[in-house]
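S.K.: PDB, C-alpha atoms, pLDDT in the B column, file coords22.pdb:
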```
ATOM      1  CA  MET X   1      -1.576  40.069  -7.572  1.00 54.00           C
ATOM      2  CA  ILE X   2      -3.205  38.110 -10.372  1.00 60.00           C
ATOM      3  CA  ASP X   3      -5.836  35.610  -9.205  1.00 73.00           C
ATOM      4  CA  ASP X   4      -4.489  32.834 -11.433  1.00 87.00           C
ATOM      5  CA  TYR X   5      -4.315  30.072  -8.841  1.00 92.00           C
ATOM      6  CA  GLU X   6      -5.692  26.636  -7.997  1.00 93.00           C
ATOM      7  CA  ASP X   7      -6.862  25.472  -4.584  1.00 93.00           C
ATOM      8  CA  GLY X   8      -4.636  23.449  -2.288  1.00 92.00           C
ATOM      9  CA  ASN X   9      -5.903  20.169  -3.722  1.00 93.00           C
ATOM     10  CA  ALA X  10      -3.359  20.782  -6.498  1.00 93.00           C
ATOM     11  CA  LEU X  11      -0.727  19.782  -3.911  1.00 92.00           C
ATOM     12  CA  ALA X  12      -2.221  16.298  -3.365  1.00 92.00           C
ATOM     13  CA  GLY X  13      -0.332  14.533  -6.144  1.00 90.00           C
ATOM     14  CA  PRO X  14       3.079  16.156  -5.715  1.00 90.00           C
ATOM     15  CA  LEU X  15       3.040  15.845  -1.908  1.00 89.00           C
ATOM     16  CA  SER X  16       1.931  12.197  -2.086  1.00 89.00           C
ATOM     17  CA  GLU X  17       5.452  11.435  -3.331  1.00 85.00           C
ATOM     18  CA  ILE X  18       6.800  12.658   0.039  1.00 86.00           C
ATOM     19  CA  PHE X  19       4.063  11.900   2.593  1.00 86.00           C
ATOM     20  CA  THR X  20       2.112   8.655   3.021  1.00 85.00           C
ATOM     21  CA  PHE X  21      -1.135  10.437   3.937  1.00 88.00           C
ATOM     22  CA  ASP X  22      -3.348  13.018   2.252  1.00 91.00           C
ATOM     23  CA  VAL X  23      -1.659  16.276   3.251  1.00 91.00           C
ATOM     24  CA  THR X  24      -4.552  18.349   1.898  1.00 93.00           C
ATOM     25  CA  ILE X  25      -6.648  17.424   4.974  1.00 93.00           C
ATOM     26  CA  ALA X  26      -3.931  18.543   7.424  1.00 94.00           C
ATOM     27  CA  ASP X  27      -4.431  21.945   9.044  1.00 96.00           C
ATOM     28  CA  THR X  28      -1.755  24.567   8.615  1.00 96.00           C
ATOM     29  CA  ARG X  29      -1.325  27.903  10.396  1.00 97.00           C
ATOM     30  CA  CYS X  30      -0.005  30.887   8.434  1.00 98.00           C
ATOM     31  CA  ALA X  31       3.107  32.492   9.949  1.00 97.00           C
ATOM     32  CA  GLY X  32       1.997  35.849   8.531  1.00 97.00           C
ATOM     33  CA  CYS X  33      -1.533  36.282   9.882  1.00 97.00           C
ATOM     34  CA  GLY X  34      -2.118  33.217  12.065  1.00 97.00           C
ATOM     35  CA  GLN X  35      -5.101  31.920  10.083  1.00 97.00           C
ATOM     36  CA  SER X  36      -5.549  28.148  10.356  1.00 97.00           C
ATOM     37  CA  GLY X  37      -7.217  25.849   7.879  1.00 97.00           C
ATOM     38  CA  PRO X  38      -6.734  22.775   5.726  1.00 97.00           C
ATOM     39  CA  VAL X  39      -3.919  22.719   3.197  1.00 96.00           C
ATOM     40  CA  ALA X  40      -6.677  22.274   0.578  1.00 96.00           C
ATOM     41  CA  ASN X  41      -7.727  25.901   1.219  1.00 97.00           C
ATOM     42  CA  LEU X  42      -4.348  27.360   0.250  1.00 97.00           C
ATOM     43  CA  ARG X  43      -4.030  29.166  -3.089  1.00 97.00           C
ATOM     44  CA  VAL X  44      -1.552  27.258  -5.235  1.00 97.00           C
ATOM     45  CA  TYR X  45       0.311  29.004  -8.018  1.00 96.00           C
ATOM     46  CA  THR X  46       1.749  26.607 -10.591  1.00 93.00           C
ATOM     47  CA  HIS X  47       3.236  29.108 -13.078  1.00 89.00           C
ATOM     48  CA  ALA X  48       6.688  29.061 -11.486  1.00 81.00           C
ATOM     49  CA  PRO X  49       9.582  26.660 -11.298  1.00 87.00           C
ATOM     50  CA  GLY X  50       7.630  24.637  -8.743  1.00 94.00           C
ATOM     51  CA  LEU X  51       4.496  25.092  -6.641  1.00 96.00           C
ATOM     52  CA  VAL X  52       3.884  28.114  -4.423  1.00 96.00           C
ATOM     53  CA  ALA X  53       1.006  27.931  -1.908  1.00 97.00           C
ATOM     54  CA  ARG X  54      -0.243  31.186  -0.393  1.00 97.00           C
ATOM     55  CA  CYS X  55      -2.532  31.953   2.523  1.00 98.00           C
ATOM     56  CA  PRO X  56      -6.064  32.741   1.291  1.00 97.00           C
ATOM     57  CA  SER X  57      -6.343  35.482   3.929  1.00 97.00           C
ATOM     58  CA  CYS X  58      -3.122  37.518   3.745  1.00 97.00           C
ATOM     59  CA  GLU X  59      -1.508  36.029   0.593  1.00 96.00           C
ATOM     60  CA  GLU X  60       1.794  35.284   2.367  1.00 97.00           C
ATOM     61  CA  VAL X  61       3.699  32.263   1.058  1.00 97.00           C
ATOM     62  CA  VAL X  62       2.987  29.263   3.313  1.00 97.00           C
ATOM     63  CA  LEU X  63       4.614  26.447   1.325  1.00 96.00           C
ATOM     64  CA  ARG X  64       6.960  26.033  -1.625  1.00 96.00           C
ATOM     65  CA  MET X  65       7.736  22.786  -3.418  1.00 95.00           C
ATOM     66  CA  VAL X  66      10.213  22.143  -6.198  1.00 95.00           C
ATOM     67  CA  ARG X  67      10.898  18.714  -7.637  1.00 92.00           C
ATOM     68  CA  THR X  68      13.868  17.540  -9.634  1.00 91.00           C
ATOM     69  CA  PRO X  69      14.226  14.076 -11.161  1.00 92.00           C
ATOM     70  CA  THR X  70      16.018  12.860  -8.022  1.00 94.00           C
ATOM     71  CA  GLU X  71      14.885  15.156  -5.157  1.00 93.00           C
ATOM     72  CA  ALA X  72      12.001  17.138  -3.762  1.00 92.00           C
ATOM     73  CA  TRP X  73      12.553  20.424  -1.943  1.00 94.00           C
ATOM     74  CA  LEU X  74       9.803  21.419   0.496  1.00 93.00           C
ATOM     75  CA  ASP X  75       9.924  24.821   2.205  1.00 96.00           C
ATOM     76  CA  LEU X  76       7.358  25.243   5.014  1.00 94.00           C
ATOM     77  CA  ARG X  77       8.838  28.358   6.667  1.00 95.00           C
ATOM     78  CA  GLY X  78       5.611  30.295   6.035  1.00 97.00           C
ATOM     79  CA  SER X  79       3.693  27.827   8.192  1.00 96.00           C
ATOM     80  CA  VAL X  80       3.795  27.950  11.978  1.00 95.00           C
ATOM     81  CA  ALA X  81       2.463  24.398  12.276  1.00 93.00           C
ATOM     82  CA  LEU X  82       1.075  21.485  10.334  1.00 91.00           C
ATOM     83  CA  ARG X  83      -1.546  19.525  12.309  1.00 93.00           C
ATOM     84  CA  ILE X  84      -1.915  16.018  10.911  1.00 90.00           C
ATOM     85  CA  PRO X  85      -4.927  13.869  11.847  1.00 86.00           C
ATOM     86  CA  LEU X  86      -3.856  10.373  12.893  1.00 83.00           C
ATOM     87  CA  ALA X  87      -7.233   8.675  12.816  1.00 72.00           C
TER
END
```
Please lay out the structure from this file as structure tokens.
M.R.:
Amino acid sequence: MIDDYEDGNALAGPLSEIFTFDVTIADTRCAGCGQSGPVANLRVYTHAPGLVARCPSCEEVVLRMVRTPTEAWLDLRGSVALRIPLA
């Protein structure tokens, strides 16, 4: 796999259209290997018809996001959980 990616902070702008908090500080757990860490640590690939975020440990897809002019599609099936700090 080519290492042509950005860190998970690349998701901050696009996800701010959906969530009212900074998702990059939320912890996610990879469904593939079980590694947990902040969304900001994911490897985000932008050279696709959307954003693809992969686990930095096993490279499994954790999150996909595609935006159209009227909708956003968010696929989190590669994540076991998303832990969101409330305070």
S.K.: Which residues, named as in the file, does the PyMOL selection byres ((chain X and resi 27) around 12) pick out? Answer as an MDAnalysis selection string.
M.R.: chainID X and resid 8 22:26 28:30 34:42 62 79:85
S.K.: So how many Å separate atom CA of Glu17 of chain X and atom CA of Arg67 of chain X, to one decimal?
M.R.: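 Rounded to one decimal, the two atoms are 10.1 Å apart.
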S.K.: For Asp3 of chain X, find every residue with an atom within 10 Å (counting only C-alpha atoms), except residues of its own chain fewer than 3 positions away, and show them as number ranges by chain.
M.R.: X: 6, 43, 45
S.K.: So how far away is atom CA of Arg54 of chain X from atom CA of Ala72 of chain X, in Å?
M.R.: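 Calculated distance between atom CA of Ala72 of chain X and atom CA of Arg54 of chain X is 18.9 Å.
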S.K.: Could you check the closest approach to Gly32 of chain X for each of X:Val44, X:Cys58, X:Val52, X:Leu74 and tell me which residue wins, using only C-alpha atoms?
M.R.: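 Closest to Gly32 of chain X, using only C-alpha atoms: X:Cys58.
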S.K.: Take atom CA of Ala48 of chain X and atom CA of Ala31 of chain X and report the distance between them in Å, one decimal.
M.R.: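 Computed distance, atom CA of Ala48 of chain X to atom CA of Ala31 of chain X, equals 22.0 Å.
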S.K.: Check the smallest atom-to-atom distance from each of X:Leu76, X:Ala10, X:Thr46, X:Leu86 to Arg64 of chain X using all atoms listed in the file, then report the winner.
M.R.: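 Going through X:Leu76, X:Ala10, X:Thr46, X:Leu86 one by one, the smallest distance to Arg64 of chain X is for X:Leu76.
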S.K.: Which one is closest to Glu60 of chain X: X:Thr20, X:Asp75, X:Cys33, X:Gly13? Count only C-alpha atoms.
M.R.: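 Checking each of X:Thr20, X:Asp75, X:Cys33, X:Gly13 against Glu60 of chain X, counting only C-alpha atoms, the winner is X:Cys33.
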S.K.: Box for segment 30-43 of chain X - axis-aligned, 8 Å on each of the six sides, all listed atoms - centre and size in Å to one decimal, as JSON.
M.R.:
```
{"center_x": -2.3, "center_y": 29.3, "center_z": 4.5, "size_x": 26.8, "size_y": 30.0, "size_z": 31.2}
```
S.K.: Rank X:Ala53, X:Glu71, X:Asp4, X:Ala87 by their smallest atom-to-atom distance to Phe21 of chain X, using only C-alpha atoms, and report the top residue only.
M.R.: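 Checking each candidate against Phe21 of chain X, we get X:Ala87 as the closest.
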S.K.: Would you mind writing segment 37-58 of chain X with N, CA, C and O atoms, as a compact mmCIF listing (two decimals), in the frame of the given file?
M.R.:
```txt
# COMPACT_ATOMS: atom_id res chain seq x y z
N GLY X 37 -6.27 26.51 8.75
CA GLY X 37 -7.22 25.85 7.88
C GLY X 37 -6.53 24.72 7.14
O GLY X 37 -5.30 24.58 7.19
N PRO X 38 -7.31 23.91 6.45
CA PRO X 38 -6.73 22.78 5.73
C PRO X 38 -5.83 23.24 4.58
O PRO X 38 -6.05 24.30 3.99
N VAL X 39 -4.83 22.44 4.31
CA VAL X 39 -3.92 22.72 3.20
C VAL X 39 -4.72 22.88 1.90
O VAL X 39 -4.36 23.69 1.04
N ALA X 40 -5.83 22.18 1.78
CA ALA X 40 -6.68 22.27 0.58
C ALA X 40 -7.21 23.69 0.35
O ALA X 40 -7.57 24.03 -0.77
N ASN X 41 -7.23 24.53 1.37
CA ASN X 41 -7.73 25.90 1.22
C ASN X 41 -6.67 26.88 0.74
O ASN X 41 -6.98 28.03 0.43
N LEU X 42 -5.41 26.47 0.71
CA LEU X 42 -4.35 27.36 0.25
C LEU X 42 -4.53 27.66 -1.23
O LEU X 42 -5.14 26.89 -1.97
N ARG X 43 -4.00 28.79 -1.67
CA ARG X 43 -4.03 29.17 -3.09
C ARG X 43 -2.71 28.75 -3.71
O ARG X 43 -1.66 29.26 -3.34
N VAL X 44 -2.76 27.83 -4.65
CA VAL X 44 -1.55 27.26 -5.24
C VAL X 44 -1.30 27.86 -6.62
O VAL X 44 -2.15 27.80 -7.50
N TYR X 45 -0.11 28.41 -6.76
CA TYR X 45 0.31 29.00 -8.02
C TYR X 45 1.29 28.03 -8.68
O TYR X 45 2.29 27.65 -8.07
N THR X 46 0.97 27.63 -9.89
CA THR X 46 1.75 26.61 -10.59
C THR X 46 2.60 27.18 -11.71
O THR X 46 3.36 26.46 -12.33
N HIS X 47 2.49 28.48 -11.98
CA HIS X 47 3.24 29.11 -13.08
C HIS X 47 4.58 29.63 -12.57
O HIS X 47 4.89 30.81 -12.65
N ALA X 48 5.37 28.73 -12.03
CA ALA X 48 6.69 29.06 -11.49
C ALA X 48 7.53 27.80 -11.61
O ALA X 48 7.03 26.75 -11.97
N PRO X 49 8.78 27.89 -11.28
CA PRO X 49 9.58 26.66 -11.30
C PRO X 49 9.30 25.82 -10.06
O PRO X 49 10.16 25.57 -9.23
N GLY X 50 8.08 25.41 -9.89
CA GLY X 50 7.63 24.64 -8.74
C GLY X 50 6.23 25.07 -8.37
O GLY X 50 5.53 25.71 -9.15
N LEU X 51 5.82 24.72 -7.15
CA LEU X 51 4.50 25.09 -6.64
C LEU X 51 4.68 26.08 -5.50
O LEU X 51 5.53 25.90 -4.64
N VAL X 52 3.87 27.12 -5.49
CA VAL X 52 3.88 28.11 -4.42
C VAL X 52 2.47 28.19 -3.86
O VAL X 52 1.52 28.47 -4.58
N ALA X 53 2.32 27.90 -2.56
CA ALA X 53 1.01 27.93 -1.91
C ALA X 53 0.94 29.14 -0.98
O ALA X 53 1.80 29.32 -0.12
N ARG X 54 -0.08 29.96 -1.16
CA ARG X 54 -0.24 31.19 -0.39
C ARG X 54 -1.47 31.11 0.51
O ARG X 54 -2.44 30.43 0.19
N CYS X 55 -1.41 31.85 1.59
CA CYS X 55 -2.53 31.95 2.52
C CYS X 55 -3.70 32.64 1.82
O CYS X 55 -3.52 33.68 1.18
N PRO X 56 -4.92 32.10 1.93
CA PRO X 56 -6.06 32.74 1.29
C PRO X 56 -6.48 34.05 1.98
O PRO X 56 -7.19 34.85 1.41
N SER X 57 -5.98 34.28 3.19
CA SER X 57 -6.34 35.48 3.93
C SER X 57 -5.39 36.65 3.65
O SER X 57 -5.81 37.73 3.25
N CYS X 58 -4.09 36.42 3.86
CA CYS X 58 -3.12 37.52 3.74
C CYS X 58 -2.21 37.40 2.53
O CYS X 58 -1.42 38.29 2.26
```
